[in-house]
Amino acid sequence: MRLASVSFALFVSVASASPAVATPVVVTSAVRLNEIMAGPARDWDGSGTFSSRDDEWVEIVNTGFGDAVLDGFLITDADALPRMALSGTLPAGGHLMITGNQSHAWEQANGFPAFGLSLSNSGDSVMLWQVIGADTSLVDTYTYKSHEAAADRAIGRSPDASGTWVIFDSLNPYSGTTGPQGNGCAPSPGAENVCGATPTRTETWGRIKTMYR
């Protein structure tokens, strides 16, 4: 999972060059942030051991109609230092979970400070960037508050991929009044947010005809 070193150098230079980058214009992209776990309290990465660093995660989704090429996409927090560079492709409607463990390994392999995703529990921003040639653009971002980062609460879009941000809080219910509110649903890293949706089943036309004979 490497990008050309010139891309990293360009990104770091652009991210620190001027105050204007603190509020960059978000450009349109089919690849979007979809769910965030800033305050893990269990083994989310499946390693068999809980780690507050390794078990943080960010999920992205491809909202387009075809495969999305992930080369050139970067994830940062509010400090805009690269935490993870993406590569490969993500199919249409596909979801990808990026863990703090993966971020830490990438940082070590590419000579960056090895902090993992480094998502603050007191509030932070998750930012998705894209480097194309000489341009570095912010394609999606979400700033969360401390109540959204409490233990095992995920912040995600509802409906999946396109909706507003709510707290998936079945593991740690939120009863406060500060928005966003909880929906009583479970986090779903690497999968569609379908809480509250009516389940569907694919059937052939022949099977449907037999049901109404």
# chains A, B, ... in the order shown; residues from 1 in each chain; ligands from 1
call {"tool": "residues_around", "arguments": {"residues": "stretch 35-46 of chain A", "least_positions_apart": "3", "cutoff": "10 Å", "atoms": "only C-alpha atoms", "output": "ChimeraX atom specification"}}
result
/A:32,49-61,95-102,117-124,126,142,144,146-158,160-161,165-168,171,187-193
call {"tool": "select_by_dssp", "arguments": {"residues": "stretch 30-103 of chain A", "states": "strand (DSSP E or B)", "output": "PyMOL selection string"}}
result
chain A and resi 31-37+57-62+68-69+73-76+84-85+89-90+95-99
call {"tool": "atom_distance", "arguments": {"atom1": "atom CA of A:Ser170", "atom2": "atom CA of A:Ser47"}}
result
22.6 Å
call {"tool": "atom_distance", "arguments": {"atom1": "atom CA of A:Gln130", "atom2": "atom CA of A:Gly72"}}
result
5.3 Å
call {"tool": "atom_distance", "arguments": {"atom1": "atom CA of A:Ser87", "atom2": "atom CA of A:Leu70"}}
result
4.7 Å
call {"tool": "residues_around", "arguments": {"residues": "A:Cys195", "least_positions_apart": "3", "cutoff": "9 Å", "atoms": "only C-alpha atoms", "output": "list of chain:residue names"}}
result
A:Ser158, A:Pro159, A:Asn183, A:Gly184, A:Cys185, A:Ala186, A:Glu192, A:Thr198
call {"tool": "write_last_selection", "arguments": {"atoms": "C-alpha atoms", "output": "short mmCIF file (atom, residue, chain, number, x, y, z; two decimals), in the first residue's frame"}}
result
data_model
loop_
_atom_site.label_atom_id
_atom_site.label_comp_id
_atom_site.auth_asym_id
_atom_site.auth_seq_id
_atom_site.Cartn_x
_atom_site.Cartn_y
_atom_site.Cartn_z
CA SER A 158 -27.87 6.69 7.93
CA PRO A 159 -29.15 5.74 5.41
CA ASN A 183 -30.25 5.15 16.84
CA GLY A 184 -29.92 2.08 19.07
CA CYS A 185 -28.19 0.14 16.30
CA ALA A 186 -24.90 -1.74 16.28
CA GLU A 192 -23.73 -1.67 4.93
CA THR A 198 -36.72 -4.03 5.90
#
call {"tool": "closest_residue", "arguments": {"among": "A:Ser175, A:Asn34, A:Ser162, A:Thr141", "to": "A:Ser125", "atoms": "only C-alpha atoms"}}
result
A:Thr141
call {"tool": "select_by_dssp", "arguments": {"residues": "stretch 81-162 of chain A", "states": "helix (DSSP H, G or I)", "output": "list in words"}}
result
Gly100, Asn101, Gln102, Ser103, His104, Ala105, Trp106, Glu107, Gln108, Ala109, Asn110, Ser146, His147, Glu148 and Ala149 of chain A
